[in-house]
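J.: This one is entry09.cif, mmCIF, C-alpha atoms.
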```cif
data_start
loop_
_atom_site.label_atom_id
_atom_site.label_comp_id
_atom_site.auth_asym_id
_atom_site.auth_seq_id
_atom_site.Cartn_x
_atom_site.Cartn_y
_atom_site.Cartn_z
CA MET A 1 113.91 107.86 35.54
CA PRO A 2 113.46 108.54 39.24
CA ASN A 3 116.37 109.89 41.15
CA PRO A 4 117.51 107.04 43.42
CA ALA A 5 117.95 109.49 46.29
CA PHE A 6 114.18 109.92 46.42
CA VAL A 7 113.24 106.27 46.24
CA GLN A 8 114.34 105.49 49.76
CA THR A 9 111.86 103.61 51.89
CA ASP A 10 110.47 104.96 55.08
CA PRO A 11 111.54 102.58 57.85
CA ILE A 12 108.75 103.57 60.24
CA ASN A 13 105.96 102.97 57.75
CA GLU A 14 107.59 99.75 56.63
CA LEU A 15 107.69 98.40 60.15
CA ASN A 16 104.32 99.70 61.25
CA THR A 17 101.81 99.17 58.56
CA ASP A 18 98.94 98.24 60.82
CA PHE A 19 98.68 101.36 63.00
CA GLU A 20 96.74 99.24 65.42
CA VAL A 21 96.97 99.84 69.14
CA ARG A 22 99.89 97.46 69.19
CA SER A 23 101.99 99.60 66.87
CA LEU A 24 104.93 101.21 68.71
CA ASP A 25 102.82 100.93 71.79
CA THR A 26 103.23 97.43 73.12
CA ILE A 27 101.85 98.32 76.49
CA CYS A 28 98.71 99.22 78.31
CA ILE A 29 96.55 97.21 76.00
CA ASN A 30 93.81 94.69 76.23
CA GLU A 31 95.01 91.16 75.51
CA MET A 32 91.79 89.44 76.31
CA GLU A 33 90.25 86.99 73.90
CA THR A 34 87.02 86.43 75.78
CA LYS A 35 84.46 89.13 75.19
CA GLU A 36 83.51 90.58 78.54
CA PRO A 37 80.09 92.11 79.10
CA TRP A 38 80.49 95.88 79.48
CA THR A 39 79.45 95.66 83.13
CA SER A 40 82.69 93.84 83.90
CA ASN A 41 84.38 97.21 83.41
CA PHE A 42 83.29 98.01 86.96
CA LYS A 43 85.97 95.58 88.10
CA TYR A 44 88.58 97.91 86.60
CA LEU A 45 86.77 100.89 88.06
CA ALA A 46 87.16 99.31 91.52
CA ILE A 47 90.88 98.66 90.99
CA GLY A 48 91.20 102.27 89.80
CA ILE A 49 89.48 103.60 92.95
CA LEU A 50 91.88 101.70 95.21
CA PHE A 51 94.78 102.86 93.10
CA GLY A 52 93.64 106.49 93.26
CA ILE A 53 93.37 106.30 97.07
CA VAL A 54 96.93 104.96 97.29
CA PHE A 55 98.15 107.72 94.95
CA VAL A 56 96.73 110.43 97.17
CA LYS A 57 97.43 108.90 100.58
CA ALA A 58 101.06 108.18 99.71
CA GLU A 59 101.36 111.71 98.27
CA ILE A 60 102.75 110.32 95.02
CA VAL A 61 100.57 112.85 93.22
CA SER A 62 102.11 115.68 95.24
CA TRP A 63 104.05 118.28 93.30
CA PHE A 64 106.26 118.73 96.38
CA ARG A 65 107.20 115.04 96.53
CA ILE A 66 108.13 115.07 92.85
CA GLN A 67 110.39 118.10 93.39
CA GLU A 68 112.00 116.36 96.40
CA MET A 69 112.64 113.32 94.24
CA PHE A 70 114.36 115.28 91.46
CA ARG A 71 116.41 117.28 93.99
CA LEU A 72 117.40 114.12 95.88
CA GLN A 73 115.84 115.53 99.05
CA SER A 74 113.67 112.58 99.95
CA PHE A 75 113.76 108.82 99.57
CA HIS A 76 109.97 108.55 99.47
CA MET A 77 109.37 108.38 95.69
CA TYR A 78 112.35 106.10 95.13
CA GLY A 79 110.98 103.80 97.81
CA VAL A 80 107.52 103.78 96.21
CA ILE A 81 108.70 103.15 92.65
CA GLY A 82 111.42 100.71 93.73
CA SER A 83 109.18 98.56 95.92
CA ALA A 84 106.39 98.66 93.30
CA VAL A 85 108.81 97.34 90.67
CA VAL A 86 110.08 94.60 92.99
CA VAL A 87 106.54 93.48 93.85
CA GLY A 88 105.59 93.66 90.15
CA MET A 89 108.64 91.59 89.14
CA ILE A 90 107.93 88.92 91.76
CA SER A 91 104.27 88.79 90.67
CA VAL A 92 105.17 88.41 87.00
CA PHE A 93 107.75 85.75 87.89
CA LEU A 94 105.14 83.81 89.87
CA ILE A 95 102.53 84.18 87.10
CA LYS A 96 105.01 82.77 84.58
CA LYS A 97 106.32 80.03 86.87
CA PHE A 98 102.94 78.69 87.93
CA LYS A 99 101.26 79.52 84.60
CA VAL A 100 98.60 81.49 86.44
CA LYS A 101 95.48 82.01 84.33
CA THR A 102 93.02 84.90 84.27
CA ILE A 103 89.70 84.55 86.07
CA TYR A 104 88.28 83.56 82.66
CA GLY A 105 90.83 80.75 82.39
CA GLU A 106 92.87 82.43 79.67
CA GLU A 107 96.60 82.19 79.47
CA ILE A 108 98.30 85.47 80.48
CA HIS A 109 100.28 87.08 77.67
CA PHE A 110 103.46 89.15 77.83
CA HIS A 111 104.83 90.87 74.76
CA PRO A 112 108.42 92.03 74.33
CA ARG A 113 108.87 95.70 73.53
CA LYS A 114 110.99 96.98 70.70
CA PHE A 115 113.45 99.73 71.24
CA ASN A 116 112.98 102.93 69.27
CA LYS A 117 114.44 106.40 69.66
CA GLY A 118 111.07 107.68 70.83
CA GLN A 119 111.80 106.17 74.21
CA ILE A 120 114.73 108.59 74.51
CA TYR A 121 113.25 111.79 73.01
CA GLY A 122 109.77 111.18 74.34
CA GLY A 123 111.15 110.05 77.69
CA LEU A 124 113.10 113.28 78.16
CA LEU A 125 110.10 115.39 77.15
CA PHE A 126 107.87 113.49 79.54
CA GLY A 127 110.48 114.01 82.29
CA PHE A 128 110.30 117.78 81.70
CA GLY A 129 106.52 117.69 81.93
CA TRP A 130 106.59 115.46 85.01
CA ALA A 131 108.80 117.92 86.90
CA LEU A 132 106.69 120.91 85.80
CA THR A 133 103.26 119.53 86.59
CA GLY A 134 104.26 117.18 89.41
CA ALA A 135 102.17 114.54 87.72
CA CYS A 136 102.26 111.71 85.25
CA PRO A 137 99.01 110.77 83.46
CA GLY A 138 97.54 108.75 86.38
CA PRO A 139 98.16 111.38 89.06
CA LEU A 140 96.51 114.03 86.84
CA PHE A 141 93.19 112.25 87.36
CA ALA A 142 93.83 111.87 91.10
CA GLN A 143 94.83 115.53 91.51
CA ILE A 144 91.56 116.62 89.91
CA GLY A 145 89.73 114.27 92.29
CA THR A 146 91.29 115.91 95.32
CA GLY A 147 89.74 119.20 94.25
CA SER A 148 92.48 120.97 92.28
CA THR A 149 90.06 121.80 89.49
CA VAL A 150 92.62 123.79 87.48
CA VAL A 151 94.43 120.51 86.78
CA ILE A 152 91.59 119.83 84.30
CA ILE A 153 93.45 122.28 82.05
CA THR A 154 96.67 120.28 82.47
CA LEU A 155 94.78 117.10 81.57
CA LEU A 156 93.20 118.70 78.48
CA SER A 157 96.64 119.91 77.46
CA ALA A 158 98.02 116.38 77.91
CA ILE A 159 95.21 115.04 75.68
CA ALA A 160 96.12 117.73 73.12
CA GLY A 161 99.78 116.65 73.35
CA THR A 162 98.81 113.05 72.67
CA TRP A 163 96.72 114.14 69.69
CA VAL A 164 99.52 116.28 68.22
CA TYR A 165 101.89 113.32 68.58
CA GLY A 166 99.40 111.13 66.70
CA LYS A 167 99.08 113.74 63.97
CA PHE A 168 102.81 114.18 63.40
CA ARG A 169 104.19 110.82 64.40
CA ASP A 170 105.29 109.97 60.87
CA ASN A 171 107.51 113.04 60.80
CA LEU A 172 109.21 112.25 64.09
CA PRO A 173 112.35 110.15 64.46
CA HIS A 174 111.64 106.72 65.95
CA MET B 1 94.68 104.92 117.36
CA HIS B 2 91.49 104.36 115.45
CA PHE B 3 91.76 102.70 112.08
CA ILE B 4 90.28 105.69 110.24
CA GLU B 5 92.74 108.06 111.93
CA TRP B 6 95.57 105.80 110.88
CA LEU B 7 94.22 105.83 107.31
CA ARG B 8 94.15 109.65 107.34
CA GLN B 9 97.87 109.94 107.90
CA PRO B 10 100.14 110.00 104.88
CA TRP B 11 101.03 106.41 104.00
CA PRO B 12 104.70 105.41 104.00
CA TRP B 13 106.41 104.23 100.83
CA TYR B 14 106.60 100.61 101.98
CA VAL B 15 102.81 100.46 102.11
CA ALA B 16 102.10 102.40 98.91
CA GLY B 17 104.83 100.90 96.69
CA PRO B 18 103.83 97.24 97.15
CA LEU B 19 100.14 98.13 96.70
CA ILE B 20 100.96 99.81 93.39
CA GLY B 21 103.10 96.83 92.41
CA LEU B 22 100.13 94.55 93.07
CA THR B 23 98.12 96.42 90.44
CA VAL B 24 100.23 94.57 87.84
CA PRO B 25 99.02 91.04 88.74
CA ALA B 26 95.54 92.34 89.64
CA LEU B 27 94.94 93.65 86.10
CA LEU B 28 96.57 90.62 84.48
CA VAL B 29 94.50 88.14 86.44
CA ALA B 30 91.31 90.19 86.13
CA GLY B 31 91.46 90.03 82.34
CA ASN B 32 94.91 89.97 80.70
CA LYS B 33 95.30 93.74 80.94
CA SER B 34 98.76 95.30 80.92
CA PHE B 35 99.04 98.03 83.51
CA GLY B 36 99.39 101.50 82.01
CA ILE B 37 97.62 104.81 82.22
CA SER B 38 98.88 107.09 79.46
CA SER B 39 97.02 105.01 76.86
CA SER B 40 93.80 106.41 78.29
CA LEU B 41 94.76 109.76 76.75
CA ARG B 42 95.09 108.06 73.37
CA HIS B 43 91.72 106.33 73.80
CA ILE B 44 90.12 109.69 74.66
CA CYS B 45 91.56 111.12 71.42
CA ALA B 46 90.36 108.11 69.45
CA ALA B 47 86.87 108.37 70.94
CA CYS B 48 86.47 112.14 70.76
CA ILE B 49 88.77 113.62 68.08
CA PRO B 50 89.96 110.84 65.70
CA ALA B 51 90.12 113.30 62.73
CA LYS B 52 91.00 110.50 60.28
CA ILE B 53 94.47 110.17 61.81
CA PRO B 54 95.59 106.54 61.47
CA PHE B 55 97.08 106.57 64.99
CA PHE B 56 93.60 107.14 66.40
CA GLN B 57 91.73 104.73 64.14
CA TYR B 58 91.38 101.55 66.11
CA ASP B 59 88.73 99.87 68.19
CA TRP B 60 88.94 102.08 71.28
CA LYS B 61 85.82 100.43 72.70
CA LYS B 62 87.88 97.30 73.30
CA GLU B 63 90.08 99.48 75.50
CA ALA B 64 87.18 101.01 77.43
CA TRP B 65 88.39 99.18 80.56
CA ASN B 66 91.29 101.66 80.67
CA LEU B 67 88.87 104.59 80.74
CA PHE B 68 86.94 102.96 83.60
CA PHE B 69 90.27 102.45 85.36
CA VAL B 70 91.27 106.15 85.12
CA PHE B 71 87.77 107.23 86.09
CA GLY B 72 88.28 105.04 89.16
CA ILE B 73 91.52 106.90 89.90
CA LEU B 74 89.54 110.16 89.78
CA LEU B 75 86.94 108.74 92.20
CA GLY B 76 89.74 107.41 94.41
CA GLY B 77 91.16 110.93 94.49
CA ILE B 78 87.78 112.29 95.57
CA ILE B 79 87.46 109.68 98.35
CA ALA B 80 91.02 110.12 99.61
CA GLY B 81 90.81 113.90 99.30
CA SER B 82 87.57 114.17 101.29
CA LEU B 83 86.96 111.23 103.64
CA LEU B 84 90.59 110.32 104.25
CA ALA B 85 92.17 113.76 103.86
CA ASN B 86 95.25 114.58 105.86
CA PRO B 87 94.39 117.77 107.80
CA ASP B 88 98.03 118.83 108.12
CA PRO B 89 100.15 120.50 105.47
CA VAL B 90 102.41 118.23 103.41
CA ALA B 91 105.67 117.62 105.30
CA VAL B 92 108.36 118.91 102.97
CA ASN B 93 112.15 118.90 103.16
CA PRO B 94 113.24 122.24 104.76
CA ASN B 95 115.72 122.86 101.91
CA LEU B 96 112.90 122.69 99.38
CA MET B 97 110.71 124.97 101.52
CA GLN B 98 113.49 127.53 101.75
CA ASP B 99 114.06 127.38 98.02
CA LEU B 100 110.39 127.60 97.07
CA GLY B 101 109.88 130.45 99.54
CA LYS B 102 112.09 132.62 97.32
CA TYR B 103 109.44 132.33 94.60
CA GLY B 104 106.51 133.06 96.90
CA VAL B 105 105.44 129.43 97.32
CA ASN B 106 104.55 129.16 101.01
CA ASP B 107 101.27 127.24 101.15
CA TYR B 108 101.78 123.52 101.71
CA HIS B 109 98.14 122.49 101.93
CA GLY B 110 96.92 120.26 99.17
CA LEU B 111 98.86 118.07 96.80
CA VAL B 112 99.64 120.74 94.25
CA PRO B 113 100.91 124.09 95.57
CA PRO B 114 97.91 126.45 95.70
CA ASP B 115 100.32 129.35 95.08
CA LEU B 116 101.23 127.96 91.66
CA PHE B 117 98.28 125.89 90.50
CA ASN B 118 95.12 128.00 90.54
CA TRP B 119 92.84 129.55 87.94
CA PRO B 120 94.24 133.13 88.07
CA GLN B 121 97.81 131.76 87.69
CA LEU B 122 96.71 130.16 84.43
CA PHE B 123 96.80 133.62 82.86
CA THR B 124 100.40 134.34 83.86
CA ALA B 125 103.51 133.25 81.95
CA ARG B 126 104.57 131.09 84.89
CA GLY B 127 101.22 129.34 85.25
CA LEU B 128 100.87 128.87 81.50
CA ILE B 129 104.23 127.09 81.32
CA LEU B 130 103.60 124.97 84.43
CA MET B 131 100.09 123.84 83.58
CA VAL B 132 99.59 124.11 79.82
CA ALA B 133 103.11 123.50 78.49
CA GLY B 134 103.78 120.97 81.25
CA GLY B 135 100.60 119.06 80.48
CA PHE B 136 101.37 119.10 76.76
CA MET B 137 104.82 117.62 77.37
CA VAL B 138 103.31 114.93 79.59
CA GLY B 139 100.85 113.90 76.86
CA PHE B 140 103.21 114.22 73.89
CA GLY B 141 106.21 112.73 75.70
CA THR B 142 104.45 109.65 77.08
CA ARG B 143 102.97 108.72 73.74
CA TYR B 144 106.26 109.36 71.93
CA ALA B 145 108.01 107.18 74.53
CA GLY B 146 105.25 104.57 74.21
CA GLY B 147 104.26 104.69 77.87
CA CYS B 148 104.55 106.54 81.15
CA THR B 149 105.76 105.78 84.64
CA SER B 150 103.12 103.10 85.09
CA GLY B 151 103.50 101.49 81.68
CA HIS B 152 107.29 101.66 81.38
CA SER B 153 108.67 102.06 84.89
CA ILE B 154 106.32 99.65 86.66
CA MET B 155 104.87 97.25 84.07
CA GLY B 156 107.87 97.40 81.72
CA LEU B 157 110.51 96.91 84.39
CA SER B 158 108.42 94.19 86.07
CA THR B 159 108.53 92.22 82.83
CA LEU B 160 112.27 92.96 82.37
CA GLN B 161 111.96 94.96 79.15
CA TRP B 162 115.16 96.84 78.46
CA PRO B 163 113.52 99.53 76.28
CA SER B 164 111.48 100.39 79.37
CA LEU B 165 114.67 100.80 81.36
CA VAL B 166 115.92 103.26 78.72
CA ALA B 167 112.62 105.14 78.89
CA THR B 168 112.68 105.22 82.71
CA CYS B 169 116.24 106.59 82.75
CA CYS B 170 115.17 109.30 80.29
CA PHE B 171 112.10 110.17 82.42
CA MET B 172 114.42 110.67 85.39
CA ALA B 173 117.05 112.58 83.38
CA GLY B 174 114.37 114.93 82.04
CA GLY B 175 113.02 115.48 85.55
CA PHE B 176 116.45 116.23 86.99
CA ILE B 177 117.23 118.74 84.24
CA MET B 178 113.86 120.46 84.59
CA SER B 179 113.71 120.61 88.40
CA ASN B 180 117.26 121.78 88.97
CA LEU B 181 118.14 123.82 85.92
CA ILE B 182 115.00 125.12 84.19
CA LEU B 183 112.25 125.25 86.84
CA PRO B 184 114.04 127.97 88.90
CA ILE B 185 113.96 130.23 85.82
CA ILE B 186 110.26 129.50 85.21
CA LEU B 187 109.34 130.09 88.86
CA SER B 188 111.05 133.48 88.88
CA LEU B 189 108.97 134.70 85.88
#
```
Show how you would write the structure in this file as structure tokens.
T.:
Amino acid sequence: MPNPAFVQTDPINELNTDFEVRSLDTICINEMETKEPWTSNFKYLAIGILFGIVFVKAEIVSWFRIQEMFRLQSFHMYGVIGSAVVVGMISVFLIKKFKVKTIYGEEIHFHPRKFNKGQIYGGLLFGFGWALTGACPGPLFAQIGTGSTVVIITLLSAIAGTWVYGKFRDNLPH
Amino acid sequence: MHFIEWLRQPWPWYVAGPLIGLTVPALLVAGNKSFGISSSLRHICAACIPAKIPFFQYDWKKEAWNLFFVFGILLGGIIAGSLLANPDPVAVNPNLMQDLGKYGVNDYHGLVPPDLFNWPQLFTARGLILMVAGGFMVGFGTRYAGGCTSGHSIMGLSTLQWPSLVATCCFMAGGFIMSNLILPIILSL
């Protein structure tokens, strides 16, 4: 007869049986139903280029600006993040209110996120890395673009970190 | 002042912040895409080193848009760093300059300090922690948290998700601890 202490169920695996992109990762994903031709990816390339220019010109990807932020020595980063959130909130409000559709005529989807402890542990770890490297994932790409070639190593290390998380995620508290 | 000269100056927060905020509706309207960048690291793993790990077994090709998006950020960095480059050193708070000077960081050209982030530094304890350990924590931490500053702090807060508020507070807490308490020790290595 099995010892009841060992028959406990694993809550993570019970909740996340699909391991699809959606699992524990309700963001940054493609919600489109229409199949776009691959050339339409250039649209996102263009948005990325504009975004990268803003990153660099506003010095958001600057290690110095990140240090100033965490030492409360400059308002700059708080102004950037704060105004970005306000503009984002207003945009989402307007999209919902006027039922704005995509250029393909699809309804725009929003999915609620579930809380899990990863947001705390992972968040703190990311904060450590952010202050060390002066970059979050987006700025890493922009920093390399501006000619700091050694940041390629930081990016490869970030990819390795993501992979190690994927490998051991079942053993981590969520 | 000529337009291009104006573009070359560092942009103030009230120009940059709203432009970043507008990325949220731009991606949604362009094709129902939720704004977020750290997922690109997961897609790269799924495309290059899936290793039969369930977390990396999904249709990454459907998410290829995200890889085009980050490649665009790289190109944007090249454009801004060459054509629109600010010729002056980064204007930094004098307190920070004084503090960093103690650790031999005196060069304020470029977006990352050339005194800390260069190839020879990679082979020192200090550089190894800053670049390799720092990068690892960025990649591991964002995926563990389910998103980064763009996904949680911008997209998540824009859609009023409270788990994203928790994540954002933890990002900031981690940054404060590292910058003020741990980084001085690392810099003095």
J.: Could you put an axis-aligned box around every listed atom of segment 66-70 of chain A, padded by 3 Å on each side, and send me its centre and edge lengths in Å to one decimal, as JSON?
T.:
```
{"center_x": 111.2, "center_y": 115.7, "center_z": 93.9, "size_x": 12.2, "size_y": 10.8, "size_z": 10.9}
```
J.: Take the PyMOL selection byres ((chain A and resi 126) around 7), apply it to the structure above, and return the hits as a PyMOL selection string.
T.: (chain A and resi 122-125+127-130) or (chain B and resi 137-138+141-142+171)
J.: One decimal, Å: what's the distance from atom CA of Trp13 of chain B over to atom CA of Ala58 of chain A, could you say?
T.: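 Between these atoms lies a distance of 6.7 Å.
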J.: Since I can't run it myself right now, could you work out what the PyMOL selection byres ((chain B and resi 144) around 12) selects here and report it as a PyMOL selection string?
T.: (chain A and resi 23-25+116-126+161-174) or (chain B and resi 38-39+42+55+136-143+145-148+167)
J.: Segment 120-125 of chain B: which residues within 12 Å, counting all atoms listed in the file, same-chain residues fewer than 2 positions away excluded, as a ChimeraX atom specification?
T.: /A:149-154 /B:113-118,127-133,185-189
J.: Which residue out of B:Pro184, B:Pro54, B:Gly21, B:Gly72 has the minimum interatomic distance to Tyr103 of chain B when only C-alpha atoms are used?
T.: B:Pro184
J.: Kindly give the distance, in Å, that separates atom CA of Leu74 of chain B and atom CA of Val80 of chain A, rounded to a single decimal.
T.: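 Between these atoms lies a distance of 20.1 Å.
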J.: On this structure, the PyMOL selection byres ((chain A and resi 49) around 9) would catch which residues? List them as a count of residues only, sorted by chain and number.
T.: 20
J.: Which residue gives the smallest distance to Pro112 of chain A among B:Leu157, B:Leu96, B:Met172, B:Ala16, with all atoms listed in the file counted?
T.: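 That would be B:Leu157, the residue with the smallest distance to Pro112 of chain A.
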J.: Between A:Trp38, A:Phe98, A:Phe93, A:Phe70, which has the minimum distance to chain B (counting all atoms listed in the file)?
T.: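 When distances to chain B are compared using all atoms listed in the file, the smallest one comes from A:Phe70.
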J.: Quote the spacing between atom CA of Asn66 of chain B and atom CA of Ser40 of chain B in Å to one decimal place.
T.: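 Atom CA of Ser40 of chain B lies at a distance of 5.9 Å from atom CA of Asn66 of chain B.
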J.: Residues near Arg8 of chain B, anyone? I mean within 6 Å using all atoms listed in the file, not counting same-chain ones fewer than 3 positions away, as a PyMOL selection string.
T.: chain B and resi 5+84-86
J.: Name the closest residue to Gly175 of chain B among the candidates A:Val92, A:Cys136, A:Ile144, A:Val87; distances are taken between atoms, counting only C-alpha atoms.
T.: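 Answer, going by the shortest atom-to-atom distance: A:Cys136.
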J.: Any chance you could build segment 72-81 of chain A out to all heavy atoms and write it as a PDB file, keeping the file's coordinate frame?
T.:
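Saved file selection-v7.pdb follows:
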```pdb
ATOM      1  N   LEU A  72     116.807 115.101  94.962  1.00  0.00           N
ATOM      2  CA  LEU A  72     117.400 114.120  95.880  1.00  0.00           C
ATOM      3  C   LEU A  72     117.250 114.549  97.344  1.00  0.00           C
ATOM      4  O   LEU A  72     118.170 114.416  98.145  1.00  0.00           O
ATOM      5  CB  LEU A  72     118.893 113.905  95.538  1.00  0.00           C
ATOM      6  CG  LEU A  72     119.185 113.350  94.150  1.00  0.00           C
ATOM      7  CD1 LEU A  72     120.680 113.302  93.900  1.00  0.00           C
ATOM      8  CD2 LEU A  72     118.598 111.962  93.974  1.00  0.00           C
ATOM      9  N   GLN A  73     116.069 115.067  97.676  1.00  0.00           N
ATOM     10  CA  GLN A  73     115.840 115.530  99.050  1.00  0.00           C
ATOM     11  C   GLN A  73     114.967 114.585  99.848  1.00  0.00           C
ATOM     12  O   GLN A  73     114.670 114.844 101.007  1.00  0.00           O
ATOM     13  CB  GLN A  73     115.174 116.926  99.007  1.00  0.00           C
ATOM     14  CG  GLN A  73     116.130 117.990  98.492  1.00  0.00           C
ATOM     15  CD  GLN A  73     115.424 119.296  98.186  1.00  0.00           C
ATOM     16  OE1 GLN A  73     114.253 119.317  97.867  1.00  0.00           O
ATOM     17  NE2 GLN A  73     116.167 120.387  98.296  1.00  0.00           N
ATOM     18  N   SER A  74     114.514 113.521  99.224  1.00  0.00           N
ATOM     19  CA  SER A  74     113.670 112.580  99.950  1.00  0.00           C
ATOM     20  C   SER A  74     113.784 111.209  99.282  1.00  0.00           C
ATOM     21  O   SER A  74     113.931 111.097  98.060  1.00  0.00           O
ATOM     22  CB  SER A  74     112.213 113.054  99.910  1.00  0.00           C
ATOM     23  OG  SER A  74     111.345 111.993 100.218  1.00  0.00           O
ATOM     24  N   PHE A  75     113.696 110.182 100.106  1.00  0.00           N
ATOM     25  CA  PHE A  75     113.760 108.820  99.570  1.00  0.00           C
ATOM     26  C   PHE A  75     112.384 108.325  99.150  1.00  0.00           C
ATOM     27  O   PHE A  75     112.264 107.350  98.410  1.00  0.00           O
ATOM     28  CB  PHE A  75     114.353 107.885 100.635  1.00  0.00           C
ATOM     29  CG  PHE A  75     114.372 106.445 100.231  1.00  0.00           C
ATOM     30  CD1 PHE A  75     115.276 105.985  99.275  1.00  0.00           C
ATOM     31  CD2 PHE A  75     113.469 105.534 100.772  1.00  0.00           C
ATOM     32  CE1 PHE A  75     115.284 104.660  98.878  1.00  0.00           C
ATOM     33  CE2 PHE A  75     113.476 104.205 100.377  1.00  0.00           C
ATOM     34  CZ  PHE A  75     114.387 103.771  99.432  1.00  0.00           C
ATOM     35  N   HIS A  76     111.342 109.034  99.597  1.00  0.00           N
ATOM     36  CA  HIS A  76     109.970 108.550  99.470  1.00  0.00           C
ATOM     37  C   HIS A  76     109.626 107.985  98.078  1.00  0.00           C
ATOM     38  O   HIS A  76     109.233 106.830  97.958  1.00  0.00           O
ATOM     39  CB  HIS A  76     108.998 109.681  99.838  1.00  0.00           C
ATOM     40  CG  HIS A  76     107.563 109.270  99.852  1.00  0.00           C
ATOM     41  ND1 HIS A  76     106.997 108.601 100.918  1.00  0.00           N
ATOM     42  CD2 HIS A  76     106.582 109.412  98.935  1.00  0.00           C
ATOM     43  CE1 HIS A  76     105.730 108.367 100.644  1.00  0.00           C
ATOM     44  NE2 HIS A  76     105.453 108.850  99.460  1.00  0.00           N
ATOM     45  N   MET A  77     109.781 108.816  97.032  1.00  0.00           N
ATOM     46  CA  MET A  77     109.370 108.380  95.690  1.00  0.00           C
ATOM     47  C   MET A  77     110.207 107.207  95.189  1.00  0.00           C
ATOM     48  O   MET A  77     109.698 106.323  94.503  1.00  0.00           O
ATOM     49  CB  MET A  77     109.458 109.541  94.699  1.00  0.00           C
ATOM     50  CG  MET A  77     108.391 110.601  94.872  1.00  0.00           C
ATOM     51  SD  MET A  77     106.723 109.998  94.593  1.00  0.00           S
ATOM     52  CE  MET A  77     106.765 109.592  92.857  1.00  0.00           C
ATOM     53  N   TYR A  78     111.497 107.225  95.539  1.00  0.00           N
ATOM     54  CA  TYR A  78     112.350 106.100  95.130  1.00  0.00           C
ATOM     55  C   TYR A  78     111.895 104.822  95.809  1.00  0.00           C
ATOM     56  O   TYR A  78     111.893 103.749  95.197  1.00  0.00           O
ATOM     57  CB  TYR A  78     113.816 106.401  95.464  1.00  0.00           C
ATOM     58  CG  TYR A  78     114.355 107.566  94.670  1.00  0.00           C
ATOM     59  CD1 TYR A  78     114.441 108.836  95.228  1.00  0.00           C
ATOM     60  CD2 TYR A  78     114.732 107.396  93.346  1.00  0.00           C
ATOM     61  CE1 TYR A  78     114.905 109.910  94.486  1.00  0.00           C
ATOM     62  CE2 TYR A  78     115.203 108.459  92.599  1.00  0.00           C
ATOM     63  CZ  TYR A  78     115.282 109.714  93.175  1.00  0.00           C
ATOM     64  OH  TYR A  78     115.738 110.770  92.432  1.00  0.00           O
ATOM     65  N   GLY A  79     111.493 104.954  97.076  1.00  0.00           N
ATOM     66  CA  GLY A  79     110.980 103.800  97.810  1.00  0.00           C
ATOM     67  C   GLY A  79     109.704 103.266  97.185  1.00  0.00           C
ATOM     68  O   GLY A  79     109.537 102.054  97.019  1.00  0.00           O
ATOM     69  N   VAL A  80     108.803 104.193  96.812  1.00  0.00           N
ATOM     70  CA  VAL A  80     107.520 103.780  96.210  1.00  0.00           C
ATOM     71  C   VAL A  80     107.764 103.065  94.885  1.00  0.00           C
ATOM     72  O   VAL A  80     107.316 101.927  94.681  1.00  0.00           O
ATOM     73  CB  VAL A  80     106.593 104.996  95.998  1.00  0.00           C
ATOM     74  CG1 VAL A  80     105.395 104.613  95.140  1.00  0.00           C
ATOM     75  CG2 VAL A  80     106.115 105.556  97.332  1.00  0.00           C
ATOM     76  N   ILE A  81     108.497 103.729  93.986  1.00  0.00           N
ATOM     77  CA  ILE A  81     108.700 103.150  92.650  1.00  0.00           C
ATOM     78  C   ILE A  81     109.506 101.854  92.762  1.00  0.00           C
ATOM     79  O   ILE A  81     109.161 100.837  92.160  1.00  0.00           O
ATOM     80  CB  ILE A  81     109.373 104.162  91.696  1.00  0.00           C
ATOM     81  CG1 ILE A  81     108.474 105.398  91.530  1.00  0.00           C
ATOM     82  CG2 ILE A  81     109.641 103.529  90.326  1.00  0.00           C
ATOM     83  CD1 ILE A  81     109.083 106.518  90.712  1.00  0.00           C
TER      84      ILE A  81
END
```
